[in-house]
file target.cif (mmCIF, C-alpha atoms and all ligand atoms)
data_structure
#
loop_
_atom_site.label_atom_id
_atom_site.label_comp_id
_atom_site.auth_asym_id
_atom_site.auth_seq_id
_atom_site.Cartn_x
_atom_site.Cartn_y
_atom_site.Cartn_z
CA MET H 1 0.00 0.00 0.00
CA MET H 2 1.32 3.41 -0.95
CA LYS H 3 0.74 7.03 -0.12
CA PHE H 4 0.62 9.93 -2.57
CA ARG H 5 1.08 13.64 -1.84
CA CYS H 6 -0.78 16.40 -3.66
CA THR H 7 1.97 18.76 -4.81
CA VAL H 8 -0.47 21.70 -4.73
CA CYS H 9 -1.90 21.44 -1.22
CA ASN H 10 0.01 18.55 0.51
CA TYR H 11 -3.12 16.38 0.98
CA ILE H 12 -1.98 12.77 1.39
CA TYR H 13 -3.94 10.01 -0.36
CA ASP H 14 -3.42 6.88 1.75
CA GLU H 15 -4.37 3.73 -0.20
CA ALA H 16 -4.73 1.71 3.02
CA LYS H 17 -7.17 4.23 4.47
CA GLU H 18 -9.11 4.84 1.24
CA GLY H 19 -9.32 1.14 0.37
CA ARG H 20 -8.54 1.90 -3.28
CA GLU H 21 -5.28 1.91 -5.20
CA PHE H 22 -4.36 5.34 -6.49
CA SER H 23 -3.63 3.93 -9.97
CA ILE H 24 -7.23 2.79 -10.49
CA LEU H 25 -8.74 6.20 -9.74
CA ALA H 26 -10.32 7.76 -12.84
CA ASP H 27 -8.16 10.13 -14.90
CA ASP H 28 -10.51 13.00 -14.11
CA TRP H 29 -10.29 12.33 -10.36
CA THR H 30 -9.15 15.46 -8.55
CA CYS H 31 -7.70 16.24 -5.13
CA PRO H 32 -10.64 16.23 -2.66
CA VAL H 33 -9.12 19.24 -0.90
CA CYS H 34 -7.79 21.59 -3.58
CA ASN H 35 -9.24 20.25 -6.83
CA ALA H 36 -5.79 19.63 -8.37
CA LEU H 37 -5.56 17.02 -11.12
CA LYS H 38 -4.48 13.43 -10.46
CA ILE H 39 -1.16 14.12 -12.20
CA ALA H 40 -0.35 16.64 -9.47
CA PHE H 41 0.19 13.74 -7.03
CA VAL H 42 3.60 12.20 -6.32
CA PRO H 43 4.34 8.94 -4.47
CA LEU H 44 5.83 8.84 -0.99
CA ALA H 45 8.06 5.91 0.01
CA GLU H 46 6.47 2.50 -0.41
CA ASP H 47 9.02 0.25 1.31
CA ARG H 48 11.44 1.25 3.99
CA GLU H 49 15.01 0.17 3.56
CA LYS H 50 15.93 -3.15 5.11
CA ILE H 51 19.39 -2.17 6.34
CA PRO H 52 20.06 -4.09 9.59
CA SER H 53 19.92 -1.50 12.36
CA LYS H 54 23.38 -2.39 13.71
CA GLN H 55 24.99 -1.30 10.47
CA LYS H 56 23.05 1.92 10.06
CA THR H 57 24.84 5.24 9.95
CA VAL H 58 23.66 8.82 10.34
CA SER H 59 23.74 9.06 6.53
CA ASP H 60 21.62 5.90 6.13
CA VAL H 61 18.95 7.33 8.42
CA LEU H 62 19.08 10.74 6.73
CA VAL H 63 18.72 9.24 3.25
CA GLU H 64 15.98 6.85 4.39
CA GLN H 65 14.10 9.83 5.80
CA MET H 66 14.48 11.73 2.53
CA ALA H 67 12.97 8.79 0.62
CA GLU H 68 10.12 8.51 3.13
CA TRP H 69 9.12 12.11 2.29
CA GLY H 70 9.16 11.48 -1.44
CA ILE H 71 12.69 12.41 -2.54
CA ASN H 72 13.56 10.02 -5.36
CA TYR H 73 16.38 11.83 -7.11
CA VAL H 74 19.73 13.22 -6.00
CA PHE H 75 22.03 15.07 -8.40
CA GLY H 76 25.64 15.73 -7.49
CA ILE H 77 29.37 15.10 -7.51
CA PRO H 78 30.94 12.89 -4.82
CA GLY H 79 34.10 13.79 -2.93
CA THR H 80 35.97 13.21 0.29
CA SER H 81 33.72 15.29 2.50
CA SER H 82 30.47 13.71 1.22
CA LEU H 83 31.39 10.03 0.82
CA GLY H 84 29.33 8.86 3.81
CA LEU H 85 26.23 10.39 2.27
CA VAL H 86 27.00 9.12 -1.23
CA GLU H 87 27.45 5.58 0.13
CA ALA H 88 24.08 5.77 1.91
CA ILE H 89 22.40 6.84 -1.34
CA ARG H 90 24.11 3.96 -3.16
CA LYS H 91 22.63 1.51 -0.66
CA ASN H 92 19.12 3.00 -0.78
CA THR H 93 17.04 1.43 -3.53
CA ARG H 94 14.40 4.19 -3.38
CA ILE H 95 16.75 6.98 -4.44
CA LYS H 96 18.41 7.38 -7.80
CA TYR H 97 21.71 9.22 -7.95
CA TYR H 98 22.76 11.17 -11.04
CA GLN H 99 26.36 12.24 -11.24
CA VAL H 100 26.99 15.49 -13.08
CA ARG H 101 30.17 17.27 -14.25
CA HIS H 102 29.67 20.53 -12.41
CA GLU H 103 27.71 21.20 -9.22
CA GLN H 104 25.85 24.07 -10.87
CA THR H 105 24.18 21.50 -13.16
CA ALA H 106 23.06 19.48 -10.13
CA ALA H 107 21.36 22.53 -8.63
CA PHE H 108 19.68 23.44 -11.93
CA MET H 109 18.45 19.83 -12.33
CA ALA H 110 16.91 19.85 -8.86
CA SER H 111 15.40 23.29 -9.52
CA ALA H 112 13.89 22.23 -12.87
CA TYR H 113 12.55 19.04 -11.29
CA GLY H 114 10.87 21.07 -8.55
CA LYS H 115 9.34 23.55 -10.98
CA LEU H 116 7.99 20.92 -13.37
CA THR H 117 6.72 18.32 -10.89
CA GLY H 118 6.01 20.24 -7.67
CA ASN H 119 7.96 17.48 -5.95
CA ILE H 120 11.31 17.94 -4.27
CA ALA H 121 14.69 16.58 -5.42
CA ALA H 122 18.09 17.02 -3.82
CA CYS H 123 21.54 18.13 -4.91
CA LEU H 124 24.61 16.92 -3.07
CA THR H 125 28.17 18.26 -3.07
CA VAL H 126 31.38 18.32 -1.09
CA ALA H 127 32.29 21.15 1.26
CA GLY H 128 33.75 24.49 0.17
CA PRO H 129 34.18 24.89 -3.61
CA GLY H 130 31.65 22.17 -4.47
CA ALA H 131 29.08 23.76 -2.19
CA VAL H 132 29.48 27.30 -3.54
CA ASN H 133 29.17 26.01 -7.12
CA LEU H 134 25.50 25.29 -6.35
CA ALA H 135 24.72 28.98 -5.98
CA THR H 136 23.48 29.91 -9.48
CA GLY H 137 21.14 26.91 -9.74
CA LEU H 138 19.85 27.44 -6.22
CA TYR H 139 19.14 31.13 -6.90
CA ASP H 140 17.15 29.94 -9.92
CA ALA H 141 15.06 27.76 -7.58
CA LYS H 142 14.72 30.55 -5.03
CA LEU H 143 13.45 33.10 -7.55
CA ASP H 144 11.07 30.65 -9.24
CA HIS H 145 9.83 29.29 -5.88
CA ALA H 146 10.89 25.71 -6.61
CA PRO H 147 11.31 23.30 -3.70
CA VAL H 148 14.92 22.03 -3.54
CA LEU H 149 16.96 20.28 -0.86
CA ALA H 150 20.69 21.05 -1.00
CA ILE H 151 22.97 18.83 1.06
CA THR H 152 26.63 19.62 1.39
CA GLY H 153 29.53 17.91 3.11
CA LEU H 154 31.40 19.89 5.72
CA VAL H 155 34.76 19.60 7.49
CA LYS H 156 34.84 17.59 10.72
CA ARG H 157 32.98 19.31 13.55
CA GLN H 158 36.15 19.97 15.54
CA LEU H 159 37.64 21.82 12.55
CA ILE H 160 34.73 24.23 12.05
CA GLY H 161 36.32 27.52 13.01
CA PRO H 162 40.01 26.72 13.44
CA GLY H 163 40.25 26.22 9.68
CA SER H 164 40.77 23.21 7.50
CA PHE H 165 41.13 22.14 3.86
CA GLN H 166 38.13 23.46 1.89
CA GLU H 167 36.61 25.05 4.96
CA ILE H 168 34.53 28.15 4.35
CA ASP H 169 31.67 29.70 6.29
CA GLN H 170 29.09 27.62 4.44
CA HIS H 171 26.26 28.60 6.72
CA SER H 172 26.66 32.31 5.94
CA PHE H 173 27.13 31.60 2.25
CA PHE H 174 23.77 29.82 1.94
CA GLU H 175 21.82 32.09 4.27
CA PRO H 176 20.54 34.57 1.62
CA ILE H 177 19.54 31.74 -0.75
CA CYS H 178 17.58 29.53 1.63
CA VAL H 179 14.26 29.34 3.41
CA PHE H 180 15.91 26.90 5.86
CA ASN H 181 19.65 26.61 6.43
CA LYS H 182 21.23 24.46 9.17
CA ILE H 183 24.25 22.36 10.09
CA LEU H 184 23.58 18.84 11.40
CA MET H 185 25.56 18.94 14.64
CA SER H 186 24.58 15.70 16.38
CA GLU H 187 23.23 12.35 15.27
CA ASP H 188 20.04 12.61 17.33
CA GLN H 189 18.96 15.63 15.24
CA THR H 190 19.04 13.66 11.98
CA THR H 191 15.38 12.83 11.23
CA ARG H 192 14.07 16.01 12.83
CA LEU H 193 16.35 18.33 10.90
CA ILE H 194 15.96 16.70 7.49
CA THR H 195 12.15 16.58 7.78
CA LEU H 196 12.12 20.24 8.80
CA ALA H 197 14.29 21.05 5.78
CA ILE H 198 11.90 19.26 3.39
CA LYS H 199 8.87 20.77 5.10
CA HIS H 200 10.25 24.30 4.73
CA ALA H 201 11.17 23.73 1.07
CA LEU H 202 7.65 22.45 0.28
CA VAL H 203 5.62 24.88 2.38
CA ASP H 204 7.75 28.01 1.86
CA ARG H 205 8.49 26.92 -1.73
CA GLY H 206 12.22 27.46 -1.80
CA VAL H 207 15.66 26.03 -1.08
CA SER H 208 16.56 24.22 2.12
CA HIS H 209 20.19 23.51 2.89
CA ILE H 210 21.80 21.13 5.36
CA SER H 211 25.55 20.78 5.86
CA VAL H 212 26.60 17.43 7.25
CA PRO H 213 30.07 17.38 8.90
CA ASN H 214 32.31 14.63 7.56
CA ASP H 215 32.88 12.92 10.92
CA LEU H 216 29.14 12.66 11.56
CA GLN H 217 28.22 11.02 8.25
CA LYS H 218 29.48 7.52 9.08
CA LEU H 219 28.69 7.45 12.81
CA PRO H 220 26.45 4.53 13.80
CA HIS H 221 22.92 5.72 14.36
CA GLU H 222 19.50 4.25 14.70
CA ALA H 223 16.21 6.13 14.54
CA ASP H 224 12.70 5.49 13.30
CA VAL H 225 11.89 7.44 10.17
CA LEU H 226 9.11 9.98 10.61
CA PRO H 227 6.09 9.64 8.30
CA MET H 228 4.99 12.78 6.47
CA GLN H 229 1.33 12.37 7.38
CA GLY H 230 0.49 14.64 10.31
CA ARG H 231 3.73 16.62 9.96
CA ILE H 232 2.93 19.02 7.13
CA PRO H 233 0.18 21.63 6.78
CA ASN H 234 -2.32 21.60 3.96
CA ARG H 235 -1.69 24.56 1.68
CA ASN H 236 -5.20 24.86 0.32
CA ILE H 237 -6.34 28.43 0.79
CA LEU H 238 -9.68 29.73 -0.39
CA GLN H 239 -11.20 33.19 -0.32
CA CYS H 240 -14.72 33.84 0.94
CA ASP H 241 -17.66 34.00 -1.47
CA HIS H 242 -17.98 37.74 -0.89
CA LEU H 243 -14.60 38.44 -2.52
CA ILE H 244 -15.28 36.00 -5.34
CA LYS H 245 -18.62 37.75 -6.05
CA ASP H 246 -16.83 41.12 -6.00
CA ALA H 247 -14.38 39.84 -8.62
CA ALA H 248 -17.20 38.38 -10.74
CA SER H 249 -19.05 41.69 -10.62
CA VAL H 250 -15.96 43.61 -11.82
CA ILE H 251 -15.65 41.11 -14.71
CA ASN H 252 -19.37 41.51 -15.49
CA ASN H 253 -18.96 45.23 -15.86
CA ALA H 254 -15.90 45.00 -18.09
CA LYS H 255 -16.25 45.38 -21.86
CA ARG H 256 -12.97 43.88 -23.02
CA PRO H 257 -11.46 41.61 -20.36
CA VAL H 258 -8.23 39.75 -21.15
CA ILE H 259 -6.86 36.81 -19.17
CA ILE H 260 -3.10 36.70 -18.62
CA SER H 261 -2.11 33.30 -17.37
CA GLY H 262 1.19 32.51 -15.68
CA PHE H 263 2.77 29.27 -14.50
CA GLY H 264 0.46 29.32 -11.46
CA ALA H 265 -2.37 28.05 -13.68
CA ILE H 266 -0.39 24.99 -14.79
CA GLY H 267 -2.73 22.00 -15.18
CA GLN H 268 -5.81 24.25 -15.21
CA GLY H 269 -6.08 24.74 -18.98
CA ILE H 270 -9.63 23.38 -19.34
CA LYS H 271 -10.98 25.44 -16.43
CA LEU H 272 -9.23 28.50 -17.82
CA LEU H 273 -10.88 28.00 -21.23
CA GLN H 274 -14.30 27.57 -19.57
CA LEU H 275 -13.86 30.95 -17.87
CA ALA H 276 -12.54 32.55 -21.07
CA GLU H 277 -15.44 31.20 -23.14
CA LYS H 278 -18.01 32.42 -20.64
CA ILE H 279 -16.67 35.97 -20.58
CA SER H 280 -15.50 36.07 -24.24
CA SER H 281 -11.95 36.80 -23.21
CA PRO H 282 -8.75 36.03 -25.08
CA ILE H 283 -5.97 34.32 -23.12
CA ALA H 284 -2.39 35.53 -23.23
CA THR H 285 0.30 33.80 -21.19
CA THR H 286 3.48 34.90 -19.51
CA PHE H 287 6.72 33.33 -20.80
CA ARG H 288 6.75 30.77 -18.04
CA GLY H 289 3.01 30.22 -18.52
CA LYS H 290 3.47 28.93 -22.08
CA GLY H 291 1.74 25.59 -22.43
CA VAL H 292 -0.77 26.26 -19.65
CA ILE H 293 -3.59 26.00 -22.21
CA ASP H 294 -3.91 24.25 -25.55
CA GLU H 295 -2.18 26.78 -27.80
CA ASP H 296 -4.22 25.67 -30.83
CA ASN H 297 -7.36 27.01 -29.16
CA GLU H 298 -8.78 30.09 -30.92
CA LEU H 299 -8.85 32.03 -27.64
CA TYR H 300 -5.07 31.77 -27.23
CA VAL H 301 -3.28 34.87 -28.51
CA GLY H 302 0.34 34.14 -27.57
CA SER H 303 2.68 35.36 -24.85
CA HIS H 304 2.68 38.91 -23.63
CA GLY H 305 5.83 40.93 -23.10
CA THR H 306 9.23 41.76 -24.54
CA ILE H 307 9.17 38.99 -27.18
CA GLY H 308 5.44 38.32 -27.04
CA SER H 309 2.93 38.33 -29.89
CA THR H 310 1.52 41.44 -31.59
CA ALA H 311 -2.02 40.16 -30.99
CA ALA H 312 -1.44 39.77 -27.25
CA ALA H 313 0.12 43.26 -27.04
CA LYS H 314 -2.81 44.87 -28.92
CA LEU H 315 -5.55 43.04 -26.98
CA VAL H 316 -3.94 43.82 -23.62
CA ARG H 317 -3.43 47.46 -24.63
CA GLU H 318 -7.08 47.83 -25.64
CA SER H 319 -8.55 45.87 -22.74
CA ASP H 320 -10.37 47.49 -19.84
CA LEU H 321 -9.70 44.66 -17.38
CA LEU H 322 -6.88 42.15 -16.93
CA ILE H 323 -7.51 38.88 -15.13
CA VAL H 324 -4.01 37.84 -14.07
CA ILE H 325 -3.59 34.30 -12.77
CA GLY H 326 -0.43 32.93 -11.19
CA SER H 327 2.00 35.49 -12.57
CA SER H 328 4.89 37.08 -10.70
CA PHE H 329 4.61 40.28 -12.78
CA SER H 330 8.11 39.85 -14.17
CA ASP H 331 9.36 42.90 -16.05
CA MET H 332 9.75 40.57 -19.08
CA THR H 333 5.96 40.10 -19.17
CA GLN H 334 5.33 43.85 -19.14
CA ILE H 335 1.85 43.68 -17.64
CA PRO H 336 0.60 47.28 -17.82
CA GLN H 337 -1.14 49.20 -15.06
CA LYS H 338 -4.87 48.70 -15.64
CA ARG H 339 -7.86 47.46 -13.70
CA ILE H 340 -6.76 44.03 -12.48
CA ILE H 341 -8.37 40.97 -10.95
CA GLN H 342 -5.52 38.85 -9.64
CA ILE H 343 -5.35 35.25 -8.46
CA ASP H 344 -2.20 33.98 -6.76
CA ILE H 345 -1.22 31.32 -4.24
CA ASP H 346 1.45 33.64 -2.84
CA PRO H 347 -0.18 36.55 -0.99
CA MET H 348 2.88 38.75 -1.55
CA MET H 349 2.37 38.51 -5.32
CA ILE H 350 -1.09 40.10 -5.02
CA ALA H 351 -0.77 43.77 -6.00
CA LYS H 352 2.99 43.31 -6.35
CA ASN H 353 3.41 46.15 -8.87
CA TYR H 354 0.04 47.88 -9.02
CA PRO H 355 -3.05 48.09 -6.86
CA VAL H 356 -5.73 45.57 -7.89
CA GLU H 357 -9.53 45.82 -8.05
CA VAL H 358 -9.85 42.45 -6.32
CA GLY H 359 -7.03 40.13 -5.25
CA LEU H 360 -7.91 36.48 -4.72
CA TRP H 361 -5.35 34.62 -2.63
CA GLY H 362 -5.52 30.88 -3.21
CA ASN H 363 -5.23 27.91 -5.56
CA SER H 364 -6.10 28.63 -9.16
CA ALA H 365 -7.56 25.09 -9.43
CA GLU H 366 -10.31 26.14 -7.03
CA LEU H 367 -10.60 29.86 -7.73
CA ILE H 368 -10.96 29.71 -11.54
CA PRO H 369 -14.10 27.47 -11.45
CA LYS H 370 -15.53 29.45 -8.54
CA LEU H 371 -15.10 32.65 -10.52
CA THR H 372 -16.66 31.03 -13.61
CA GLU H 373 -19.59 29.87 -11.50
CA ALA H 374 -20.07 33.27 -9.87
CA GLU H 375 -19.99 35.10 -13.20
CA LYS H 376 -23.66 35.69 -13.91
CA ARG H 377 -23.97 36.64 -17.55
CA MET H 378 -22.23 35.85 -20.78
CA HIS H 379 -20.43 38.66 -22.52
CA LEU H 380 -22.10 38.89 -25.88
CA GLU H 381 -19.64 41.19 -27.54
CA PRO H 382 -17.67 39.15 -30.12
CA LEU H 383 -13.90 39.26 -30.04
FE FE C 401 -4.57 19.05 -3.24
#
call {"tool": "encode", "arguments": {"input": "target.cif", "output": "structure tokens"}}
result
Amino acid sequence: MMKFRCTVCNYIYDEAKEGREFSILADDWTCPVCNALKIAFVPLAEDREKIPSKQKTVSDVLVEQMAEWGINYVFGIPGTSSLGLVEAIRKNTRIKYYQVRHEQTAAFMASAYGKLTGNIAACLTVAGPGAVNLATGLYDAKLDHAPVLAITGLVKRQLIGPGSFQEIDQHSFFEPICVFNKILMSEDQTTRLITLAIKHALVDRGVSHISVPNDLQKLPHEADVLPMQGRIPNRNILQCDHLIKDAASVINNAKRPVIISGFGAIGQGIKLLQLAEKISSPIATTFRGKGVIDEDNELYVGSHGTIGSTAAAKLVRESDLLIVIGSSFSDMTQIPQKRIIQIDIDPMMIAKNYPVEVGLWGNSAELIPKLTEAEKRMHLEPL
């Protein structure tokens, strides 16, 4: 029996509890909490590792805990200060290790994996130069709000401070990049610290970093892995009907609304088209939002912004209302200051550049259909 996590809201589908295998659920089955599609779910660990407890090390427990919370991929380069961790990954059948040629690639791979799947992957390097090489890829994850776990080796605990080969102040280096940044200082912190790191990366949508001192990695250690269920909040947020009605009323009174869809509407193409059809609105996307809807649909007018389409630029220029969904208002997208209805899962993105008529904080999977439902009349004006 397996468990699956909704990458949108963190709801956990437990096959044992539900009495039905996840694989036999209909393709149009959606998350009972946030309405996300079935493809938004990722598996958590199915079988724990069978390493005899006497032989277990801190690294074995740490890696086992990572697998339990759904980490299946680690990208990295091995080296002296990370060999204990690399060996634990080798022994763990749940985790696949991909060796790269430069640490920056490992960080970009983990970042891309996080952006495209909503699940979390890890990158692993040695201390010092290997660790700092992660920076560009990790900044990519930070700025695109992708969950990533970075694990780095570190000099032996007794050498932190006095100075040693490849010793730098790793903690300070990673501090501006990370939503969670710690050094594992004793074996009894192992499961607690790694689960907190994954939790922060998933809930705060960013990079978590743990340095593991070399001497600690191979120390014998035994601890029960901590299941994810009951240890992570559900991220489903929904606005009250009053605000949704306010937004619908603004749309009702608009003559030429245009939808601008960002990456935050990924997987919601059909719902987006239903809204667009009802209000006779074209759909433009941001650059990162490309592919959010079927681009052969007649309502799709291309991307908006510096290298966007002429049609999108003209329609947005002539519109009297923009409905912006899941966009970070990048300067590349060049969303102009107009009347705006905005939907975003990150409250700090609402009214980021300009004031909005109505800001709806929450999941687009739930808010788009609610808005469509609340919209009373069809716009009859042809495009
Ligand atoms: Fe969900």
call {"tool": "residues_around", "arguments": {"input": "target.cif", "residues": "Phe329 (chain H)", "least_positions_apart": "3", "cutoff": "10 Å", "atoms": "all atoms listed in the file", "output": "list in words"}}
result
Gly262, Thr286, Val324, Gly326, Met332, Thr333, Gln334, Ile335, Pro336, Met349, Ile350, Ala351, Lys352, Asn353 and Tyr354 of chain H
call {"tool": "closest_residue", "arguments": {"input": "target.cif", "among": "H:Ala248, H:Val42, H:Ala374, H:Val179", "to": "ligand FE 401 (chain C)", "atoms": "only C-alpha atoms and all ligand atoms"}}
result
H:Val42
call {"tool": "closest_atom_pairs", "arguments": {"input": "target.cif", "of": "chain H", "to": "ligand FE 401 (chain C)", "cutoff": "7 Å", "atoms": "all atoms listed in the file", "output": "tab-separated table"}}
result
residue	atom	partner	partner_atom	distance
H:Cys6	CA	C:FE401	FE	4.6
H:Thr7	CA	C:FE401	FE	6.7
H:Val8	CA	C:FE401	FE	5.1
H:Cys9	CA	C:FE401	FE	4.1
H:Asn10	CA	C:FE401	FE	5.9
H:Tyr11	CA	C:FE401	FE	5.2
H:Cys31	CA	C:FE401	FE	4.6
H:Pro32	CA	C:FE401	FE	6.7
H:Val33	CA	C:FE401	FE	5.1
H:Cys34	CA	C:FE401	FE	4.1
H:Asn35	CA	C:FE401	FE	6.0
H:Ala36	CA	C:FE401	FE	5.3
H:Asn236	CA	C:FE401	FE	6.8
call {"tool": "closest_residue", "arguments": {"input": "target.cif", "among": "H:Gln337, H:Ser280, H:Ser327, H:Asn297", "to": "Val258 (chain H)", "atoms": "all atoms listed in the file"}}
result
H:Ser280
call {"tool": "residues_around", "arguments": {"input": "target.cif", "residues": "Ser59 (chain H)", "least_positions_apart": "5", "cutoff": "10 Å", "atoms": "all atoms listed in the file", "output": "PyMOL selection string"}}
result
chain H and resi 64-65+82-89+187+190+212+216-221
call {"tool": "residues_near_point", "arguments": {"input": "target.cif", "point": "(-7.3, 28.6, -21.8)", "cutoff": "9 Å", "atoms": "only C-alpha atoms", "output": "PDB file with C-alpha atoms, in the frame of the given file"}}
result
ATOM      1  CA  ILE H 259      -6.860  36.810 -19.170  1.00  0.00           C
ATOM      2  CA  SER H 261      -2.110  33.300 -17.370  1.00  0.00           C
ATOM      3  CA  GLN H 268      -5.810  24.250 -15.210  1.00  0.00           C
ATOM      4  CA  GLY H 269      -6.080  24.740 -18.980  1.00  0.00           C
ATOM      5  CA  ILE H 270      -9.630  23.380 -19.340  1.00  0.00           C
ATOM      6  CA  LYS H 271     -10.980  25.440 -16.430  1.00  0.00           C
ATOM      7  CA  LEU H 272      -9.230  28.500 -17.820  1.00  0.00           C
ATOM      8  CA  LEU H 273     -10.880  28.000 -21.230  1.00  0.00           C
ATOM      9  CA  GLN H 274     -14.300  27.570 -19.570  1.00  0.00           C
ATOM     10  CA  LEU H 275     -13.860  30.950 -17.870  1.00  0.00           C
ATOM     11  CA  ALA H 276     -12.540  32.550 -21.070  1.00  0.00           C
ATOM     12  CA  GLU H 277     -15.440  31.200 -23.140  1.00  0.00           C
ATOM     13  CA  PRO H 282      -8.750  36.030 -25.080  1.00  0.00           C
ATOM     14  CA  ILE H 283      -5.970  34.320 -23.120  1.00  0.00           C
ATOM     15  CA  ALA H 284      -2.390  35.530 -23.230  1.00  0.00           C
ATOM     16  CA  VAL H 292      -0.770  26.260 -19.650  1.00  0.00           C
ATOM     17  CA  ILE H 293      -3.590  26.000 -22.210  1.00  0.00           C
ATOM     18  CA  ASP H 294      -3.910  24.250 -25.550  1.00  0.00           C
ATOM     19  CA  GLU H 295      -2.180  26.780 -27.800  1.00  0.00           C
ATOM     20  CA  ASN H 297      -7.360  27.010 -29.160  1.00  0.00           C
ATOM     21  CA  LEU H 299      -8.850  32.030 -27.640  1.00  0.00           C
ATOM     22  CA  TYR H 300      -5.070  31.770 -27.230  1.00  0.00           C
TER      23      TYR H 300
END
call {"tool": "residues_near_point", "arguments": {"input": "target.cif", "point": "(-15.8, 38.2, -15.2)", "cutoff": "10 Å", "atoms": "all atoms listed in the file", "output": "JSON, numbers by chain"}}
result
{"H": [245, 246, 247, 248, 249, 250, 251, 252, 253, 254, 255, 257, 258, 259, 275, 276, 278, 279, 280, 281, 321, 322, 323, 341, 371, 372, 373, 374, 375, 376, 377, 378, 379]}
call {"tool": "write_last_selection", "arguments": {"input": "target.cif", "atoms": "C-alpha atoms", "output": "compact mmCIF listing (two decimals), in the coordinates of the input"}}
result
# COMPACT_ATOMS: atom_id res chain seq x y z
CA LYS H 245 -18.62 37.75 -6.05
CA ASP H 246 -16.83 41.12 -6.00
CA ALA H 247 -14.38 39.84 -8.62
CA ALA H 248 -17.20 38.38 -10.74
CA SER H 249 -19.05 41.69 -10.62
CA VAL H 250 -15.96 43.61 -11.82
CA ILE H 251 -15.65 41.11 -14.71
CA ASN H 252 -19.37 41.51 -15.49
CA ASN H 253 -18.96 45.23 -15.86
CA ALA H 254 -15.90 45.00 -18.09
CA LYS H 255 -16.25 45.38 -21.86
CA PRO H 257 -11.46 41.61 -20.36
CA VAL H 258 -8.23 39.75 -21.15
CA ILE H 259 -6.86 36.81 -19.17
CA LEU H 275 -13.86 30.95 -17.87
CA ALA H 276 -12.54 32.55 -21.07
CA LYS H 278 -18.01 32.42 -20.64
CA ILE H 279 -16.67 35.97 -20.58
CA SER H 280 -15.50 36.07 -24.24
CA SER H 281 -11.95 36.80 -23.21
CA LEU H 321 -9.70 44.66 -17.38
CA LEU H 322 -6.88 42.15 -16.93
CA ILE H 323 -7.51 38.88 -15.13
CA ILE H 341 -8.37 40.97 -10.95
CA LEU H 371 -15.10 32.65 -10.52
CA THR H 372 -16.66 31.03 -13.61
CA GLU H 373 -19.59 29.87 -11.50
CA ALA H 374 -20.07 33.27 -9.87
CA GLU H 375 -19.99 35.10 -13.20
CA LYS H 376 -23.66 35.69 -13.91
CA ARG H 377 -23.97 36.64 -17.55
CA MET H 378 -22.23 35.85 -20.78
CA HIS H 379 -20.43 38.66 -22.52
